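Student: Enclosed is the structure file work.tsv (TSV, C-alpha atoms).
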chain	number	residue	atom	x	y	z
A	1	MET	CA	0.00	0.00	0.00
A	2	SER	CA	2.74	2.49	0.94
A	3	LEU	CA	4.69	1.88	-2.29
A	4	THR	CA	1.53	2.23	-4.37
A	5	TYR	CA	0.71	5.54	-2.70
A	6	LEU	CA	4.29	6.76	-3.13
A	7	ARG	CA	4.16	5.98	-6.85
A	8	TYR	CA	0.86	7.84	-7.11
A	9	GLU	CA	2.33	10.88	-5.33
A	10	VAL	CA	5.41	10.95	-7.55
A	11	LEU	CA	3.30	10.84	-10.72
A	12	ARG	CA	0.97	13.53	-9.44
A	13	THR	CA	3.86	15.79	-8.47
A	14	PHE	CA	5.56	15.68	-11.85
A	15	ARG	CA	2.27	16.16	-13.70
A	16	ASN	CA	1.70	19.45	-11.88
A	17	ARG	CA	3.12	21.86	-14.45
A	18	ARG	CA	2.44	25.00	-12.45
A	19	PHE	CA	4.30	23.58	-9.45
A	20	LEU	CA	7.29	22.62	-11.60
A	21	LEU	CA	7.28	26.05	-13.22
A	22	PHE	CA	7.60	27.84	-9.89
A	23	SER	CA	10.16	25.50	-8.33
A	24	LEU	CA	12.21	24.90	-11.46
A	25	GLY	CA	11.44	27.43	-14.18
A	26	PHE	CA	11.89	30.67	-12.24
A	27	PRO	CA	15.30	29.80	-10.69
A	28	LEU	CA	16.57	28.53	-14.05
A	29	VAL	CA	15.50	31.62	-16.02
A	30	LEU	CA	16.85	33.96	-13.34
A	31	PHE	CA	20.16	32.11	-13.28
A	32	LEU	CA	20.56	32.21	-17.06
A	33	VAL	CA	19.70	35.90	-17.30
A	34	VAL	CA	21.94	37.08	-14.46
A	35	ALA	CA	24.84	34.64	-14.66
A	36	SER	CA	25.27	34.90	-18.43
A	37	THR	CA	25.94	38.63	-18.13
A	38	ASN	CA	28.40	38.13	-15.26
A	39	ARG	CA	30.06	34.90	-16.31
A	40	HIS	CA	33.59	36.31	-15.92
A	41	ALA	CA	32.99	38.04	-12.58
A	42	THR	CA	33.78	36.71	-9.12
A	43	LEU	CA	31.82	36.81	-5.87
A	44	GLU	CA	32.82	35.63	-2.41
A	45	GLY	CA	36.11	34.43	-3.83
A	46	VAL	CA	34.58	32.12	-6.47
A	47	SER	CA	33.29	32.61	-9.98
A	48	PHE	CA	29.94	34.36	-10.15
A	49	PRO	CA	28.23	31.55	-12.14
A	50	LEU	CA	29.28	29.03	-9.46
A	51	TYR	CA	27.99	31.16	-6.59
A	52	TYR	CA	24.76	32.03	-8.37
A	53	MET	CA	24.23	28.44	-9.49
A	54	ALA	CA	24.41	27.28	-5.87
A	55	GLY	CA	22.06	30.09	-4.84
A	56	MET	CA	19.41	29.40	-7.46
A	57	ALA	CA	19.63	25.63	-6.96
A	58	SER	CA	19.19	26.15	-3.21
A	59	TRP	CA	16.22	28.46	-3.71
A	60	GLY	CA	14.49	26.15	-6.19
A	61	ALA	CA	15.14	23.04	-4.10
A	62	MET	CA	13.93	24.80	-0.96
A	63	LEU	CA	10.76	26.01	-2.66
A	64	GLY	CA	10.10	22.56	-4.08
A	65	ILE	CA	10.48	20.68	-0.83
A	66	ILE	CA	8.45	23.18	1.22
A	67	SER	CA	5.64	23.19	-1.36
A	68	SER	CA	5.57	19.41	-1.56
A	69	GLY	CA	4.93	19.03	2.15
A	70	SER	CA	2.51	21.91	2.36
A	71	ARG	CA	0.20	20.37	-0.25
A	72	ILE	CA	-1.16	18.48	2.74
A	73	SER	CA	-3.36	21.54	3.31
A	74	VAL	CA	-5.17	21.09	0.01
A	75	GLU	CA	-5.77	17.40	0.70
A	76	ARG	CA	-7.14	18.22	4.14
A	77	GLN	CA	-9.68	20.62	2.66
A	78	GLN	CA	-10.74	18.10	0.03
A	79	GLY	CA	-11.21	15.41	2.66
A	80	TRP	CA	-8.48	13.23	1.16
A	81	THR	CA	-6.54	12.84	4.41
A	82	ARG	CA	-9.74	11.77	6.19
A	83	GLN	CA	-10.27	9.08	3.55
A	84	LEU	CA	-6.68	7.86	3.93
A	85	ARG	CA	-7.20	7.28	7.65
A	86	ILE	CA	-9.61	4.43	6.91
A	87	THR	CA	-7.03	2.71	4.67
A	88	PRO	CA	-4.04	0.60	5.75
A	89	LEU	CA	-1.73	3.53	4.89
A	90	SER	CA	0.03	4.71	8.04
A	91	PRO	CA	0.57	8.42	8.84
A	92	ARG	CA	4.32	7.81	8.68
A	93	ALA	CA	4.07	6.42	5.14
A	94	TYR	CA	1.85	9.34	4.14
A	95	LEU	CA	4.31	11.96	5.41
A	96	LEU	CA	7.27	10.04	4.04
A	97	ALA	CA	5.72	10.11	0.56
A	98	LYS	CA	5.46	13.90	0.78
A	99	VAL	CA	9.10	14.23	1.81
A	100	VAL	CA	10.30	11.85	-0.93
A	101	CYS	CA	8.39	13.81	-3.59
A	102	GLY	CA	9.90	17.01	-2.27
A	103	TYR	CA	13.39	15.57	-2.52
A	104	LEU	CA	12.78	14.29	-6.04
A	105	THR	CA	11.67	17.77	-7.07
A	106	ALA	CA	14.74	19.24	-5.37
A	107	LEU	CA	17.02	16.80	-7.18
A	108	LEU	CA	15.46	17.68	-10.53
A	109	THR	CA	15.96	21.37	-9.81
A	110	MET	CA	19.60	20.81	-8.91
A	111	VAL	CA	20.30	18.70	-12.00
A	112	VAL	CA	18.83	21.36	-14.30
A	113	LEU	CA	20.63	24.24	-12.57
A	114	PHE	CA	23.92	22.35	-12.46
A	115	ALA	CA	23.63	21.60	-16.18
A	116	ALA	CA	23.00	25.29	-16.85
A	117	GLY	CA	25.98	26.21	-14.68
A	118	THR	CA	28.21	23.81	-16.57
A	119	ALA	CA	27.08	25.39	-19.83
A	120	LEU	CA	28.21	28.76	-18.49
A	121	GLY	CA	31.66	27.51	-17.53
A	122	VAL	CA	31.29	26.06	-14.02
A	123	ARG	CA	33.87	23.31	-13.62
A	124	LEU	CA	34.02	21.07	-10.57
A	125	GLY	CA	35.54	17.66	-9.93
A	126	VAL	CA	33.44	14.61	-9.16
A	127	ARG	CA	34.20	14.89	-5.45
A	128	GLU	CA	33.26	18.57	-5.39
A	129	TRP	CA	29.94	17.91	-7.15
A	130	ALA	CA	29.21	15.09	-4.70
A	131	VAL	CA	30.02	17.27	-1.67
A	132	MET	CA	27.80	20.07	-2.92
A	133	VAL	CA	24.83	17.81	-3.67
A	134	GLY	CA	25.20	16.00	-0.35
A	135	LEU	CA	25.30	19.23	1.64
A	136	VAL	CA	22.23	20.61	-0.14
A	137	LEU	CA	20.26	17.43	0.54
A	138	VAL	CA	21.15	17.58	4.24
A	139	GLY	CA	20.41	21.29	4.38
A	140	LEU	CA	16.91	20.72	2.99
A	141	ILE	CA	15.80	18.64	6.00
A	142	PRO	CA	14.46	21.53	8.11
A	143	PHE	CA	12.62	23.01	5.12
A	144	GLY	CA	10.88	19.73	4.35
A	145	LEU	CA	9.68	19.59	7.96
A	146	LEU	CA	8.55	23.23	7.83
A	147	GLY	CA	6.49	22.34	4.76
A	148	VAL	CA	4.75	19.54	6.67
A	149	MET	CA	4.05	21.95	9.53
A	150	ALA	CA	2.61	24.56	7.15
A	151	GLY	CA	0.39	21.95	5.56
A	152	HIS	CA	-1.23	21.14	8.91
A	153	LEU	CA	-1.57	24.74	10.06
A	154	LEU	CA	-2.60	26.78	7.01
A	155	LYS	CA	-5.61	26.77	4.73
A	156	PRO	CA	-5.09	26.46	0.96
A	157	ASP	CA	-5.99	30.09	0.24
A	158	SER	CA	-3.21	31.34	2.50
A	159	LEU	CA	-0.77	28.57	1.70
A	160	GLY	CA	0.66	29.91	-1.56
A	161	PRO	CA	1.57	33.39	-0.28
A	162	ALA	CA	2.95	31.92	2.94
A	163	VAL	CA	5.17	29.37	1.20
A	164	GLY	CA	6.32	31.85	-1.43
A	165	GLY	CA	7.04	34.55	1.12
A	166	LEU	CA	8.78	32.18	3.53
A	167	SER	CA	11.04	30.68	0.87
A	168	ALA	CA	11.82	34.14	-0.52
A	169	LEU	CA	12.84	35.41	2.92
A	170	PHE	CA	15.03	32.39	3.55
A	171	ALA	CA	16.60	32.81	0.11
A	172	LEU	CA	17.20	36.53	0.65
A	173	PHE	CA	18.82	36.20	4.06
A	174	GLY	CA	20.67	33.08	2.99
A	175	GLY	CA	22.32	34.98	0.16
A	176	ALA	CA	20.77	33.06	-2.75
A	177	TRP	CA	20.56	36.25	-4.83
A	178	GLY	CA	23.84	37.59	-3.50
A	179	PRO	CA	25.35	38.02	-0.02
A	180	ILE	CA	23.57	40.61	2.12
A	181	ALA	CA	26.46	40.95	4.58
A	182	SER	CA	30.20	40.42	4.50
A	183	HIS	CA	31.02	41.15	8.13
A	184	GLY	CA	29.59	42.28	11.44
A	185	ALA	CA	26.46	41.41	13.39
A	186	LEU	CA	24.30	40.89	10.28
A	187	LEU	CA	26.68	38.22	8.98
A	188	ASP	CA	26.61	36.51	12.38
A	189	LEU	CA	22.81	36.55	12.20
A	190	VAL	CA	22.49	35.05	8.71
A	191	ARG	CA	24.98	32.33	9.62
A	192	ASP	CA	22.40	31.09	12.10
A	193	ILE	CA	19.90	30.51	9.27
A	194	PRO	CA	19.97	27.13	7.46
A	195	SER	CA	19.46	28.69	4.02
A	196	TYR	CA	22.83	30.41	4.39
A	197	TRP	CA	24.52	27.03	4.55
A	198	LEU	CA	22.49	25.78	1.59
A	199	VAL	CA	23.99	28.56	-0.54
A	200	GLN	CA	27.43	28.07	0.97
A	201	SER	CA	27.38	24.44	-0.17
A	202	GLY	CA	28.64	25.58	-3.57
A	203	THR	CA	31.47	27.70	-2.27
A	204	VAL	CA	32.75	25.17	0.27
A	205	ALA	CA	32.55	22.39	-2.32
A	206	TYR	CA	34.77	24.49	-4.59
A	207	GLY	CA	37.57	24.04	-2.07
A	208	GLY	CA	36.88	20.33	-1.71
A	209	GLY	CA	35.59	20.62	1.84
A	210	GLY	CA	32.32	20.56	3.74
A	211	TRP	CA	30.63	22.87	6.18
A	212	PRO	CA	32.44	23.95	9.31
A	213	LEU	CA	31.03	22.80	12.64
A	214	GLN	CA	28.72	25.81	12.84
A	215	GLY	CA	26.93	24.78	9.64
A	216	TRP	CA	26.17	21.30	10.93
A	217	VAL	CA	25.00	22.67	14.30
A	218	VAL	CA	22.70	25.25	12.70
A	219	VAL	CA	21.10	22.74	10.33
A	220	GLY	CA	20.81	20.16	13.12
A	221	VAL	CA	19.16	22.56	15.58
A	222	TRP	CA	16.73	23.88	12.97
A	223	SER	CA	15.88	20.31	11.93
A	224	LEU	CA	15.11	19.27	15.50
A	225	ALA	CA	13.02	22.38	16.11
A	226	ALA	CA	11.13	21.97	12.82
A	227	ALA	CA	10.52	18.28	13.54
A	228	ARG	CA	9.02	19.17	16.91
A	229	LEU	CA	6.80	21.88	15.40
A	230	ALA	CA	5.66	19.58	12.59
A	231	PHE	CA	4.80	16.85	15.09
A	232	VAL	CA	2.79	19.24	17.28
A	233	ALA	CA	0.95	20.63	14.23
A	234	TYR	CA	0.16	17.11	13.04
A	235	ARG	CA	-1.16	16.01	16.44
A	236	ARG	CA	-3.35	19.09	16.81
A	237	ASP	CA	-4.71	18.76	13.30
A	238	THR	CA	-5.52	15.08	13.52
A	239	ALA	CA	-7.08	15.52	16.98
A	240	ARG	CA	-9.33	18.26	15.63
A	241	VAL	CA	-10.66	16.23	12.70
A	242	ALA	CA	-10.80	12.85	14.43
Can you give me the file's structure in the form of structure tokens?

Tutor:
Amino acid sequence: MSLTYLRYEVLRTFRNRRFLLFSLGFPLVLFLVVASTNRHATLEGVSFPLYYMAGMASWGAMLGIISSGSRISVERQQGWTRQLRITPLSPRAYLLAKVVCGYLTALLTMVVLFAAGTALGVRLGVREWAVMVGLVLVGLIPFGLLGVMAGHLLKPDSLGPAVGGLSALFALFGGAWGPIASHGALLDLVRDIPSYWLVQSGTVAYGGGGWPLQGWVVVGVWSLAAARLAFVAYRRDTARVA
């Protein structure tokens, strides 16, 4: 039952053209427009196309994984989640399917953006590509959990603006469109945001290394906090409709 539902979710996700346009099309177009005109520039000590590729891939992946989890809200309104409760499908399998679909969307976004970056001259070794992809996938954990929380807290009519605004704020302060601080208290603040480390995945991979300890701590703390919030939201929601 769980595998059947997962296959259904995957097919439904990739048939949603509007969803793919927002999570994939916008970051790709923005990257091509901006990076192509600055392909010989540098930023944060690396080539501009590399930095911007990591930023747009992070933004698109983050938007995709948050939106995938938050589609729970639409299914709640339609009564789909209530119907699933009378089937053998467990809540864990249901939530896992949402997370898997979010990660598949994120992977597709990264593949497309990385291909575009390569076309504009980004050159990394196999190990550097692997480090970057691995760090992005780890860094997406808190955002997937925040999507699940949003799905259980928000109604569909407020979901789109909330998800779009939340992902845009994370992308802005994380430096996806360019660093907003190079030193001082503001830099210390953004380093405590997981989206900062998503974007930094490209620059640290360029040197063949991973995040420093602070990056792992920030992502770990945010993941634990988001998991707790998602669990509380799920319990309150299911108790209300039981």

Student: Which residues, written as a PDB file with C-alpha atoms, in the coordinates of the input, have at least one atom at most 9 Å from Trp216 of chain A, with only C-alpha atoms counted and residues fewer than 4 positions away on the same chain left out?

Tutor:
ATOM      1  CA  GLY A 139      20.410  21.290   4.380  1.00  0.00           C
ATOM      2  CA  TRP A 197      24.520  27.030   4.550  1.00  0.00           C
ATOM      3  CA  TRP A 211      30.630  22.870   6.180  1.00  0.00           C
ATOM      4  CA  PRO A 212      32.440  23.950   9.310  1.00  0.00           C
ATOM      5  CA  GLY A 220      20.810  20.160  13.120  1.00  0.00           C
ATOM      6  CA  VAL A 221      19.160  22.560  15.580  1.00  0.00           C
TER       7      VAL A 221
END

Student: Skip segment 152-161 of chain A itself and residues of its chain fewer than 5 positions away, then list as a compact mmCIF listing (two decimals) with C-alpha atoms, keeping the file's coordinate frame all residues within 10 Å of it, counting all atoms listed in the file.

Tutor:
# COMPACT_ATOMS: atom_id res chain seq x y z
CA SER A 67 5.64 23.19 -1.36
CA GLY A 69 4.93 19.03 2.15
CA SER A 70 2.51 21.91 2.36
CA ARG A 71 0.20 20.37 -0.25
CA ILE A 72 -1.16 18.48 2.74
CA SER A 73 -3.36 21.54 3.31
CA VAL A 74 -5.17 21.09 0.01
CA GLU A 75 -5.77 17.40 0.70
CA ARG A 76 -7.14 18.22 4.14
CA GLN A 77 -9.68 20.62 2.66
CA GLY A 147 6.49 22.34 4.76
CA LEU A 166 8.78 32.18 3.53
CA SER A 167 11.04 30.68 0.87
CA ALA A 230 5.66 19.58 12.59
CA PHE A 231 4.80 16.85 15.09
CA VAL A 232 2.79 19.24 17.28
CA ALA A 233 0.95 20.63 14.23
CA TYR A 234 0.16 17.11 13.04
CA ARG A 235 -1.16 16.01 16.44
CA ARG A 236 -3.35 19.09 16.81
CA ASP A 237 -4.71 18.76 13.30
CA THR A 238 -5.52 15.08 13.52

Student: Using all atoms listed in the file, find the one residue out of A:Tyr94, A:Trp59, A:Phe31, A:Tyr52 that sits nearest to Thr4 of chain A.

Tutor: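 Answer, going by the shortest atom-to-atom distance: A:Tyr94.
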
Student: A:Leu198, A:Val136, A:Leu63, A:Leu6: which is nearest Leu24 of chain A, counting all atoms listed in the file?

Tutor: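 With all atoms listed in the file as the atom set, the closest residue is A:Leu63.
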
Student: Nearest to Val218 of chain A: which of A:Pro194, A:Gly117, A:Pro142, A:Gly45 is it, counting all atoms listed in the file?

Tutor: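 The answer is A:Pro194, which sits nearest to Val218 of chain A.
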
Student: Report, in Å with one decimal, the straight-line distance from atom CA of Val163 of chain A to atom CA of Ile66 of chain A.

Tutor: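 About the pair atom CA of Val163 of chain A and atom CA of Ile66 of chain A: they are 7.0 Å apart.
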
Student: Quick one: of A:Leu140, A:Arg191, A:Arg127, A:Leu28, who's nearest to Gly102 of chain A, counting only C-alpha atoms?

Tutor: A:Leu140

Student: Just give me the gap between atom CA of Val99 of chain A and atom CA of Gly125 of chain A in Å, one decimal is fine.

Tutor: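 That distance, rounded to one decimal, is 29.1 Å.
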
Student: Looking at A:Gly178, A:Gly164, A:Gly202, A:Gly134, which one is nearest to Val34 of chain A, with distances taken over all atoms listed in the file?

Tutor: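 Ranking A:Gly178, A:Gly164, A:Gly202, A:Gly134 by distance to Val34 of chain A, first place goes to A:Gly178.
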
Student: Report, in Å to a single decimal, how far apart atom CA of Val111 of chain A and atom CA of Thr42 of chain A are.

Tutor: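 Separating atom CA of Thr42 of chain A from atom CA of Val111 of chain A is a distance of 22.7 Å.
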
Student: Assuming 8 Å of padding per side, give the centre and edge lengths of the axis-aligned box around every listed atom of segment 62-75 of chain A, in Å to one decimal and as lines of an AutoDock Vina configuration file.

Tutor:
center_x = 4.1
center_y = 21.7
center_z = -0.4
size_x = 35.7
size_y = 24.6
size_z = 23.4

Student: Of the candidates A:Ser58, A:Thr105, A:Ser36, A:Thr87, which shows the shortest atom-to-atom distance to Arg12 of chain A, using all atoms listed in the file?

Tutor: A:Thr105

Student: Find the residues near segment 179-186 of chain A: any atom within 12 Å, counting all atoms listed in the file, skip ones fewer than 4 places away on the same chain, and give them as a list in words.

Tutor: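 Near segment 179-186 of chain A, the qualifying residues are Leu43, Glu44, Gly45, Phe48, Tyr51, Tyr52, Gly55, Leu169, Phe170, Ala171, Leu172, Phe173, Gly174, Gly175, Val190, Arg191, Asp192, Ile193, Ser195, Tyr196, Trp197, Val199 and Gln200 of chain A.
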
Student: I want to know what sits within 9 Å of Leu107 of chain A, based on only C-alpha atoms, with residues of the same chain fewer than 4 positions away left out; could you give that as a PyMOL selection string?

Tutor: chain A and resi 61+102-103+111-112+133+137

Student: Only N, CA and C atoms, as a short mmCIF file (atom, residue, chain, number, x, y, z; two decimals), in the first residue's frame: that is what I want for segment 211-226 of chain A.

Tutor:
data_model
loop_
_atom_site.label_atom_id
_atom_site.label_comp_id
_atom_site.auth_asym_id
_atom_site.auth_seq_id
_atom_site.Cartn_x
_atom_site.Cartn_y
_atom_site.Cartn_z
N TRP A 211 30.93 21.79 5.25
CA TRP A 211 30.63 22.87 6.18
C TRP A 211 31.55 22.82 7.39
N PRO A 212 31.80 23.97 7.99
CA PRO A 212 32.44 23.95 9.31
C PRO A 212 31.44 23.46 10.35
N LEU A 213 31.89 23.32 11.57
CA LEU A 213 31.03 22.80 12.64
C LEU A 213 29.77 23.64 12.80
N GLN A 214 29.88 24.95 12.66
CA GLN A 214 28.72 25.81 12.84
C GLN A 214 27.60 25.46 11.87
N GLY A 215 27.95 25.13 10.63
CA GLY A 215 26.93 24.78 9.64
C GLY A 215 26.15 23.55 10.05
N TRP A 216 26.84 22.53 10.50
CA TRP A 216 26.17 21.30 10.93
C TRP A 216 25.30 21.55 12.16
N VAL A 217 25.79 22.37 13.09
CA VAL A 217 25.00 22.67 14.30
C VAL A 217 23.74 23.43 13.95
N VAL A 218 23.87 24.44 13.08
CA VAL A 218 22.70 25.25 12.70
C VAL A 218 21.65 24.39 12.01
N VAL A 219 22.06 23.59 11.05
CA VAL A 219 21.10 22.74 10.33
C VAL A 219 20.50 21.71 11.27
N GLY A 220 21.31 21.15 12.18
CA GLY A 220 20.81 20.16 13.12
C GLY A 220 19.79 20.74 14.09
N VAL A 221 20.08 21.92 14.64
CA VAL A 221 19.16 22.56 15.58
C VAL A 221 17.86 22.94 14.89
N TRP A 222 17.95 23.52 13.71
CA TRP A 222 16.73 23.88 12.97
C TRP A 222 15.93 22.64 12.61
N SER A 223 16.59 21.55 12.28
CA SER A 223 15.88 20.31 11.93
C SER A 223 15.13 19.76 13.13
N LEU A 224 15.77 19.76 14.29
CA LEU A 224 15.11 19.27 15.50
C LEU A 224 13.92 20.14 15.87
N ALA A 225 14.11 21.46 15.78
CA ALA A 225 13.02 22.38 16.11
C ALA A 225 11.87 22.23 15.13
N ALA A 226 12.18 22.13 13.84
CA ALA A 226 11.13 21.97 12.82
C ALA A 226 10.41 20.64 12.97
#
